[in-house]
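Participant: Please read through the structure below; I'll follow up with questions.
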Protein chains: 2
Amino acid sequence: MSSASSREPVMADVARLAGVSHQTVSRVLNSHPNVKPATRTRVLVAIEELGYRRNSSARALVTRRTSVIGVVAFDLTLYGPARTLAGIEQAARAQGYFLSMVGLQGVTREAMREAMDYLAQQSAEGCIVIAPQRIVVDALAELAFPLPVVAVEGGEAPGLPVVCVDQRGGARDVVRHLLAQGRHRTVHHLAGPLGWLEAEGRVLGWRQALEEAGRPVPEPVYGDWSSRSGYTLGAQLAADPDVSALFVANDQMALGVLRALAEAGRRVPEDVSVAGFDDIPEAEFFTPPLTTVFQDFAEVGRRSINLLLDRIEAPRSTEPPASDIVPARLIARASAP
Amino acid sequence: MSSASSREPVMADVARLAGVSHQTVSRVLNSHPNVKPATRTRVLVAIEELGYRRNSSARALVTRRTSVIGVVAFDLTLYGPARTLAGIEQAARAQGYFLSMVGLQGVTREAMREAMDYLAQQSAEGCIVIAPQRIVVDALAELAFPLPVVAVEGGEAPGLPVVCVDQRGGARDVVRHLLAQGRHRTVHHLAGPLGWLEAEGRVLGWRQALEEAGRPVPEPVYGDWSSRSGYTLGAQLAADPDVSALFVANDQMALGVLRALAEAGRRVPEDVSVAGFDDIPEAEFFTPPLTTVFQDFAEVGRRSINLLLDRIEAPRSTEPPASDIVPARLIARASAP
DNA sequence: AGCTACATTGTTAGCGCTAACACAATGGGG
DNA sequence: CCCCATTGTGTTAGCGCTAACAATGTAGCT
């Protein structure tokens with residue numbers, strides 16, 4: 001390897017050792033065509049010997065490309081966002097991009113602008129926003145940002161490229177599955193919080209499936225994604241004898257619901273059928289195992305990087321922003337067989 | 001704001017508009033002392049007017065500081081890492097650093113080296129590794145890396161600065177709590193996978209508490225953190241009439257255990273007391289609510305950034321690497337009251 | 001031989017910024 | 001009224017790299 005030296009080696013050091021000009025070293029590093037194989041080898045040997053690494057700042061300065069992509073996320077302890085981030089990270093790395101993380105300090109226009117400023121400060125080339133709330137998507141569509149943006153899990157948004165899972169289709173499938181049991185007059189819905197696009201999509205799908213089947217559409221109840229809210233609201237629903245099938249907007253809330261139903265003495269699935277959404281790894285081990293909807297977040301991450309890179313490579317494309325919808329998949333388990 | 005121009009404004013543009021030299025603009029931006037207030041104002045106005053933003057690459061090139069900190073994480077869908085990352089992100093931003101995410105492609109020396117190379121390529125100034133496996137910490141301690149490193153959740157590691165939660169203390173508290181009920185001869189342990197430092201710490205604390213109390217120490221059973229493994233191994237433990245108190249190494253596995261016990265007809269806590277570890281938000285809504293141990297991951301994130309920044313500011317400090325242990329807190333609930 | 005075409009390498013000029021120094025302009029103290 | 005310290009500002013020289021062009025060499029053809 002390299003002998004300890006006072007400063008990191010630079011291109012000129014490699015050039016000297018290889019007996020070429022620094023430009024030839026640059027050519028080797030950038031895979032330019034016209035370098036004699038023998039020369040290339042000498043350069044590579046010199047690089048290895050010195051443990052040389054190209055200075056990314058100098059490179060970015062002259063090429064005007066930082067290879068940095070920003071990711072803005074609101075809450076990574078939620079299953080979906082964490083999973084999506086993992087998918088994004090892998091896809092970005094595979095394409096030679098670096099990922100810069102920014103947490104959103106609150107769900108406001110102001111926080112959104114702040115996060116974007118922060119990324120612009122780093123000269124990020126583009127940005128993926130994992131923020132499933134309507135207000136964030138609206139802010140994104142309104143404010144003109146200095147860099148290309150792709151929203152993830154944003155439902156349909158006007159004038160904004162979006163990648164998301166087909167919430168509506170997933171919800172429709174669940175409700176159809178519940179109705180197909182043949183013993184429910186209708187399906188009640190414990191929805192996610194208002195203002196969340198995923199929650200809205202699931203409400204839409206649920207309603208559509210009921211209307212399609214000519215069933216009454218009860219008023220949905222709104223939780224906040226947490227098991228706690230599932231428990232509290234589940235207790236109310238458990239007290240309502242009309243409730244015999246329940247579609248809960250995510251698995252965490254469904255956990256709380258299962259608990260509330262158990263406490264109320266209503267058996268699942270004998271008395272009440274319950275279905276969730278997300279297929280978190282724990283869902284299979286709820287009491288009873290939860291029927292739910294699987295979302296391929298890794299795929300969402302991959303597609304969002306692709307969409308973003310398209311926009312980065314073709315900066316002023318006149319095409320309208322494309323959106324990309326990943327299908328959901330019903331997973332039937334004992335809570336609603 | 002700014003009028004549309006063919007290229008982004010640079011410092012010289014601001015200087016021209018403010019009628020000063022570009023160096024004065026630089027002084028204003030870097031809060032140098034000797035700038036007349038009137039001049040400073042003129043410069044700030046010009047910056048605002050042009051929508052000027054300093055080029056971070058150029059700045060990094062000359063200062064030799066990128067303000068980038070790398071975070072290497074293995075699996076962000078685990079509760080602890082996701083939480084820790086959030087803490088790190090906030091602390092880093094507050095200190096003016098950017099965060100670059102790298103996923104570890106596997107738990108090997110090779111993957112570790114690869115991740116570090118990737119960060120070195122970006123000229124990250126330092127790096128926090130969220131990797132709770134022994135092999136990763138060993139690799140970290142052995143390989144000499146080109147940048148300062150802090151490990152998180154690494155237990156005690158020789159020659160490596162580490163921030164972690166007091167696993168041992170937390171485990172000890174749980175076991176003491178279970179024994180204090182007065183109706184258990186001993187406490188069985190469903191441990192985390194071998195090779196995970198957190199798992200090892202919890203085994204140590206569990207054993208210590210039992211020995212302290214003069215109780216027999218049964219052979220621990222090893223799971224893999226997943227609810228599935230908790231369910232499978234829980235079924236075995238449920239069949240053993242000696243098992244009346246069970247300390248499970250994390251909440252996810254505890255969920256599986258609760259299910260297995262329920263299926264085996266053993267009531268919790270009447271027949272078997274169960275305790276977990278982590279205090280995931282769902283734990284309160286298990287059936288029954290789970291006694292567990294809270295870990296302050298946000299604090300862990302904060303402290304790890306502080307430790308890393310210390311090492312970055314004082315590059316060749318001769319002091320041995322400091323470690324930092326965050327206390328754990330027992331949360332008693334119905335599963336082991 | 002002489003000329004063109006092309007492959008290969010070197011030379012030069014920045015990218016946008018900060019550090020170091022140079023140079024006014026000021027303001028007491030002798 | 002000069003001297004020197006202090007304050008404010010401008011000038012210059014890079015940081016390490018790539019793009020553009022210039023300068024070789026080398027082969028193929030007439």
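By convention in this document, the chains of the structure tokens carry letters A, B, ... by their order, each chain's residues are numbered from 1, and ligands are numbered from 1 in the order they are shown.
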Restrict the distance test to only C-alpha atoms (C1' of nucleotides), flag each residue of chain D within 10 Å of chain A, and return the flagged residues as a list in words.
Facilitator: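 So the contacting residues turn out to be DC15, DG16, DC17, DT18 and DA19 of chain D.
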Participant: For the residues selected in the previous step, produce a file with C-alpha atoms (C1' of nucleotides) as an mmCIF file, in the first residue's frame.
Facilitator:
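Saved file part.cif follows:
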```cif
data_model
loop_
_atom_site.group_PDB
_atom_site.id
_atom_site.type_symbol
_atom_site.label_atom_id
_atom_site.label_comp_id
_atom_site.auth_asym_id
_atom_site.auth_seq_id
_atom_site.Cartn_x
_atom_site.Cartn_y
_atom_site.Cartn_z
ATOM 1 C "C1'" DC D 15 -7.300 23.918 -3.698
ATOM 2 C "C1'" DG D 16 -7.539 19.227 -7.333
ATOM 3 C "C1'" DC D 17 -9.823 18.305 -10.972
ATOM 4 C "C1'" DT D 18 -11.702 18.118 -16.154
ATOM 5 C "C1'" DA D 19 -12.428 20.192 -20.848
#
```
Participant: Taking only C-alpha atoms (C1' of nucleotides) into account, report as a list of chain:residue names which residues of chain C lie within 9 Å of chain A.
Facilitator: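 Written out as asked, the residues are C:DA7, C:DT8, C:DT9, C:DG10, C:DG14, C:DC15, C:DG16.
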Participant: Please, could you write that set of residues out with C-alpha atoms (C1' of nucleotides) as a compact mmCIF listing (two decimals), in the first residue's frame?
Facilitator:
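Below you can see again_29.txt, which holds the result:
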```
# COMPACT_ATOMS: atom_id res chain seq x y z
C1' DA C 7 -4.63 7.29 -31.92
C1' DT C 8 -2.21 8.86 -27.95
C1' DT C 9 -0.37 12.12 -24.86
C1' DG C 10 0.74 16.80 -22.94
C1' DG C 14 -10.45 27.67 -15.61
C1' DC C 15 -14.56 25.75 -12.05
C1' DG C 16 -15.94 29.10 -7.33
```
Participant: Which residues of chain A have any atom within 8 Å of an atom in chain B when counting only C-alpha atoms, and what is the closest pair of atoms for each, with the distance in Å to one decimal? Order the rows by chain and rising number and write it as CSV.
Facilitator:
```
residue,atom,partner,partner_atom,distance
A:Arg53,CA,B:Gln121,CA,6.9
A:Arg54,CA,B:Gln121,CA,7.3
A:Asn55,CA,B:Ser123,CA,7.3
A:Ser56,CA,B:Gln122,CA,5.9
A:Ser57,CA,B:Ser57,CA,4.7
A:Ala58,CA,B:Leu61,CA,5.7
A:Ala60,CA,B:Ser57,CA,6.1
A:Leu61,CA,B:Ser57,CA,5.3
A:Thr66,CA,B:Ser57,CA,7.9
A:Leu76,CA,B:Ala82,CA,6.0
A:Thr77,CA,B:Ala82,CA,5.6
A:Tyr79,CA,B:Thr77,CA,6.5
A:Ala82,CA,B:Thr77,CA,5.6
A:Arg83,CA,B:Thr77,CA,6.2
A:Ala86,CA,B:Leu76,CA,7.2
A:Glu89,CA,B:Gly103,CA,6.7
A:Gln90,CA,B:Gly103,CA,7.3
A:Phe98,CA,B:Ser100,CA,7.0
A:Leu99,CA,B:Ser100,CA,5.5
A:Ser100,CA,B:Ser100,CA,4.5
A:Met101,CA,B:Leu99,CA,5.5
A:Val102,CA,B:Glu89,CA,7.0
A:Gly103,CA,B:Glu89,CA,6.7
A:Gln121,CA,B:Ser56,CA,6.8
A:Gln122,CA,B:Ser56,CA,5.9
A:Ser123,CA,B:Ser56,CA,6.8
A:Ser226,CA,B:Glu282,CA,7.7
A:Ser227,CA,B:Glu282,CA,5.7
A:Arg228,CA,B:Phe285,CA,6.9
A:Tyr231,CA,B:Phe285,CA,7.3
A:Gln252,CA,B:Glu282,CA,6.9
A:Leu255,CA,B:Phe285,CA,6.9
A:Gly256,CA,B:Phe285,CA,5.6
A:Arg259,CA,B:Thr287,CA,6.2
A:Pro281,CA,B:Ser227,CA,7.5
A:Glu282,CA,B:Ser227,CA,5.7
A:Glu284,CA,B:Arg228,CA,7.9
A:Phe285,CA,B:Gly256,CA,5.6
A:Phe286,CA,B:Arg259,CA,7.0
A:Thr287,CA,B:Arg259,CA,6.2
```
Participant: For the residues selected in the previous step, produce a file with C-alpha atoms as a PDB file, in the first residue's frame.
Facilitator:
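Generated output (again.pdb):
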```pdb
ATOM      1  CA  ARG A  53      -8.600   8.463  -4.206  1.00  0.00           C
ATOM      2  CA  ARG A  54     -10.029  11.136  -6.416  1.00  0.00           C
ATOM      3  CA  ASN A  55     -11.150  14.288  -4.629  1.00  0.00           C
ATOM      4  CA  SER A  56     -14.879  14.464  -5.072  1.00  0.00           C
ATOM      5  CA  SER A  57     -15.143  18.176  -4.321  1.00  0.00           C
ATOM      6  CA  ALA A  58     -12.680  19.143  -7.018  1.00  0.00           C
ATOM      7  CA  ALA A  60     -17.851  18.204  -8.548  1.00  0.00           C
ATOM      8  CA  LEU A  61     -16.584  21.755  -8.892  1.00  0.00           C
ATOM      9  CA  THR A  66     -22.264  16.216  -7.148  1.00  0.00           C
ATOM     10  CA  LEU A  76     -38.633   6.503   9.552  1.00  0.00           C
ATOM     11  CA  THR A  77     -40.036   4.467  12.398  1.00  0.00           C
ATOM     12  CA  TYR A  79     -42.674   0.623   8.404  1.00  0.00           C
ATOM     13  CA  ALA A  82     -38.131   2.703   6.426  1.00  0.00           C
ATOM     14  CA  ARG A  83     -38.607  -0.005   3.841  1.00  0.00           C
ATOM     15  CA  ALA A  86     -33.802   0.881   2.008  1.00  0.00           C
ATOM     16  CA  GLU A  89     -30.552   3.456  -0.989  1.00  0.00           C
ATOM     17  CA  GLN A  90     -29.772   0.299  -2.898  1.00  0.00           C
ATOM     18  CA  PHE A  98     -24.852   9.169  -2.924  1.00  0.00           C
ATOM     19  CA  LEU A  99     -27.797   9.574  -0.606  1.00  0.00           C
ATOM     20  CA  SER A 100     -28.220  12.499   1.709  1.00  0.00           C
ATOM     21  CA  MET A 101     -30.825  12.135   4.439  1.00  0.00           C
ATOM     22  CA  VAL A 102     -32.976  14.946   5.727  1.00  0.00           C
ATOM     23  CA  GLY A 103     -35.644  14.536   8.341  1.00  0.00           C
ATOM     24  CA  GLN A 121     -27.008  23.992   0.055  1.00  0.00           C
ATOM     25  CA  GLN A 122     -25.338  20.650  -0.581  1.00  0.00           C
ATOM     26  CA  SER A 123     -25.931  20.986  -4.309  1.00  0.00           C
ATOM     27  CA  SER A 226     -50.975   3.975  16.096  1.00  0.00           C
ATOM     28  CA  SER A 227     -51.918   0.819  17.950  1.00  0.00           C
ATOM     29  CA  ARG A 228     -53.243   3.060  20.665  1.00  0.00           C
ATOM     30  CA  TYR A 231     -57.371   0.124  20.587  1.00  0.00           C
ATOM     31  CA  GLN A 252     -50.491  -1.353  13.800  1.00  0.00           C
ATOM     32  CA  LEU A 255     -53.251  -4.824  16.485  1.00  0.00           C
ATOM     33  CA  GLY A 256     -55.013  -2.422  18.813  1.00  0.00           C
ATOM     34  CA  ARG A 259     -56.959  -6.319  21.536  1.00  0.00           C
ATOM     35  CA  PRO A 281     -43.484  -8.799   9.549  1.00  0.00           C
ATOM     36  CA  GLU A 282     -45.316  -9.094  12.866  1.00  0.00           C
ATOM     37  CA  GLU A 284     -48.426 -13.055  10.813  1.00  0.00           C
ATOM     38  CA  PHE A 285     -48.080 -13.419  14.569  1.00  0.00           C
ATOM     39  CA  PHE A 286     -50.957 -11.363  15.779  1.00  0.00           C
ATOM     40  CA  THR A 287     -53.750 -13.148  17.618  1.00  0.00           C
TER      41      THR A 287
END
```
Participant: Identify, on the basis of only C-alpha atoms (C1' of nucleotides), every residue whose closest approach to Ala332 (chain B) does not exceed 9 Å; exclude the query and any residue fewer than 6 positions from it along the same chain; express the result as a list in words.
Facilitator: Val174, His177, Ala275, Leu290, Thr291, Thr292 and Val293 of chain B
Participant: Those residues you just picked out, can you put them in a file as a compact mmCIF listing (two decimals), in the first residue's frame with all heavy atoms?
Facilitator:
```
# COMPACT_ATOMS: atom_id res chain seq x y z
N VAL B 174 -35.08 -6.20 34.54
CA VAL B 174 -36.24 -7.02 34.18
C VAL B 174 -36.27 -8.28 35.03
O VAL B 174 -37.31 -8.64 35.59
CB VAL B 174 -36.17 -7.46 32.70
CG1 VAL B 174 -37.32 -8.40 32.39
CG2 VAL B 174 -36.23 -6.26 31.79
N HIS B 177 -37.15 -7.68 38.51
CA HIS B 177 -38.58 -7.39 38.59
C HIS B 177 -39.40 -8.68 38.56
O HIS B 177 -40.34 -8.85 39.35
CB HIS B 177 -38.97 -6.49 37.40
CG HIS B 177 -40.43 -6.18 37.31
ND1 HIS B 177 -41.05 -5.27 38.14
CD2 HIS B 177 -41.40 -6.65 36.49
CE1 HIS B 177 -42.34 -5.19 37.83
NE2 HIS B 177 -42.58 -6.02 36.84
N ALA B 275 -41.67 -10.87 29.77
CA ALA B 275 -41.15 -9.51 29.61
C ALA B 275 -40.35 -9.43 28.33
O ALA B 275 -39.75 -10.42 27.90
CB ALA B 275 -40.29 -9.12 30.79
N LEU B 290 -47.31 -5.55 27.22
CA LEU B 290 -46.02 -6.18 27.51
C LEU B 290 -45.15 -5.36 28.46
O LEU B 290 -44.92 -4.17 28.25
CB LEU B 290 -45.26 -6.38 26.20
CG LEU B 290 -43.99 -7.22 26.26
CD1 LEU B 290 -44.31 -8.67 26.57
CD2 LEU B 290 -43.24 -7.11 24.94
N THR B 291 -44.67 -6.02 29.50
CA THR B 291 -43.62 -5.45 30.34
C THR B 291 -42.33 -5.49 29.53
O THR B 291 -42.01 -6.51 28.93
CB THR B 291 -43.46 -6.27 31.62
OG1 THR B 291 -44.60 -6.06 32.45
CG2 THR B 291 -42.20 -5.86 32.37
N THR B 292 -41.62 -4.37 29.50
CA THR B 292 -40.46 -4.32 28.61
C THR B 292 -39.47 -3.27 29.11
O THR B 292 -39.63 -2.72 30.20
CB THR B 292 -40.93 -4.04 27.16
OG1 THR B 292 -39.83 -4.12 26.28
CG2 THR B 292 -41.57 -2.67 27.05
N VAL B 293 -38.45 -3.01 28.31
CA VAL B 293 -37.41 -2.06 28.71
C VAL B 293 -37.29 -0.98 27.65
O VAL B 293 -37.11 -1.27 26.47
CB VAL B 293 -36.05 -2.77 28.88
CG1 VAL B 293 -34.97 -1.76 29.23
CG2 VAL B 293 -36.15 -3.84 29.94
```
Participant: Name the residues in contact with region 210-225 of chain B at a cut-off of 6 Å, using only C-alpha atoms (C1' of nucleotides), excluding same-chain residues fewer than 4 positions from it; report them as a list of chain:residue names.
Facilitator: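 My list of contacting residues is B:Thr186, B:His189, B:Leu190, B:Ala191, B:Gly192, B:Pro193, B:Ser229, B:Met253.
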Participant: Could you work out how far CA of Val248 (chain B) lies from CA of Gln181 (chain B), giving the answer in Å with one decimal?
Facilitator: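 Separation between CA of Gln181 (chain B) and CA of Val248 (chain B): 17.2 Å.
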Participant: Name all residues at most 9 Å from Arg172 (chain A) (count only C-alpha atoms (C1' of nucleotides); drop same-chain ones fewer than 2 positions away) and give them as a compact mmCIF listing (two decimals) with C-alpha atoms, in the first residue's frame.
Facilitator:
```txt
# COMPACT_ATOMS: atom_id res chain seq x y z
CA GLN A 167 -53.75 1.83 -2.28
CA ARG A 168 -57.12 1.93 -3.88
CA GLY A 169 -56.71 -1.41 -5.59
CA GLY A 170 -55.39 -3.01 -2.42
CA VAL A 174 -59.55 -6.57 0.85
CA VAL A 175 -63.15 -5.48 0.91
CA ARG A 176 -64.08 -7.84 -1.90
CA HIS A 177 -62.36 -10.62 0.01
CA ARG A 202 -57.75 3.20 1.12
CA LEU A 204 -61.69 5.37 -1.77
CA GLY A 205 -61.01 1.71 -2.57
CA TRP A 206 -63.13 0.54 0.36
CA ARG A 207 -66.05 2.74 -0.67
CA GLN A 208 -65.79 1.73 -4.30
CA ALA A 209 -65.89 -1.98 -3.50
CA LEU A 210 -68.94 -1.51 -1.29
```
Participant: If you run DSSP on the backbone here, which positions in region 51-273 of chain A get strand (DSSP E)? Please write them as a VMD selection string.
Facilitator: chain A and resid 68 to 73 98 to 103 126 to 130 149 to 152 162 to 165 188 to 191 221 to 222 245 to 248 273
Participant: Using only C-alpha atoms (C1' of nucleotides), pick whichever of D:DG14, D:DT30, D:DA23, D:DT7 has the shortest atom-to-atom distance to DC17 (chain C).
Facilitator: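 Closest residue, counting only C-alpha atoms (C1' of nucleotides): D:DG14.
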Participant: I need the residues of region 27-237 of chain A that end up classed as helix (DSSP H, G or I) by DSSP on the backbone, written out as a ChimeraX atom specification.
Facilitator: /A:27-29,37-50,56-63,79-94,109-121,134-142,167-180,197-212,227-237
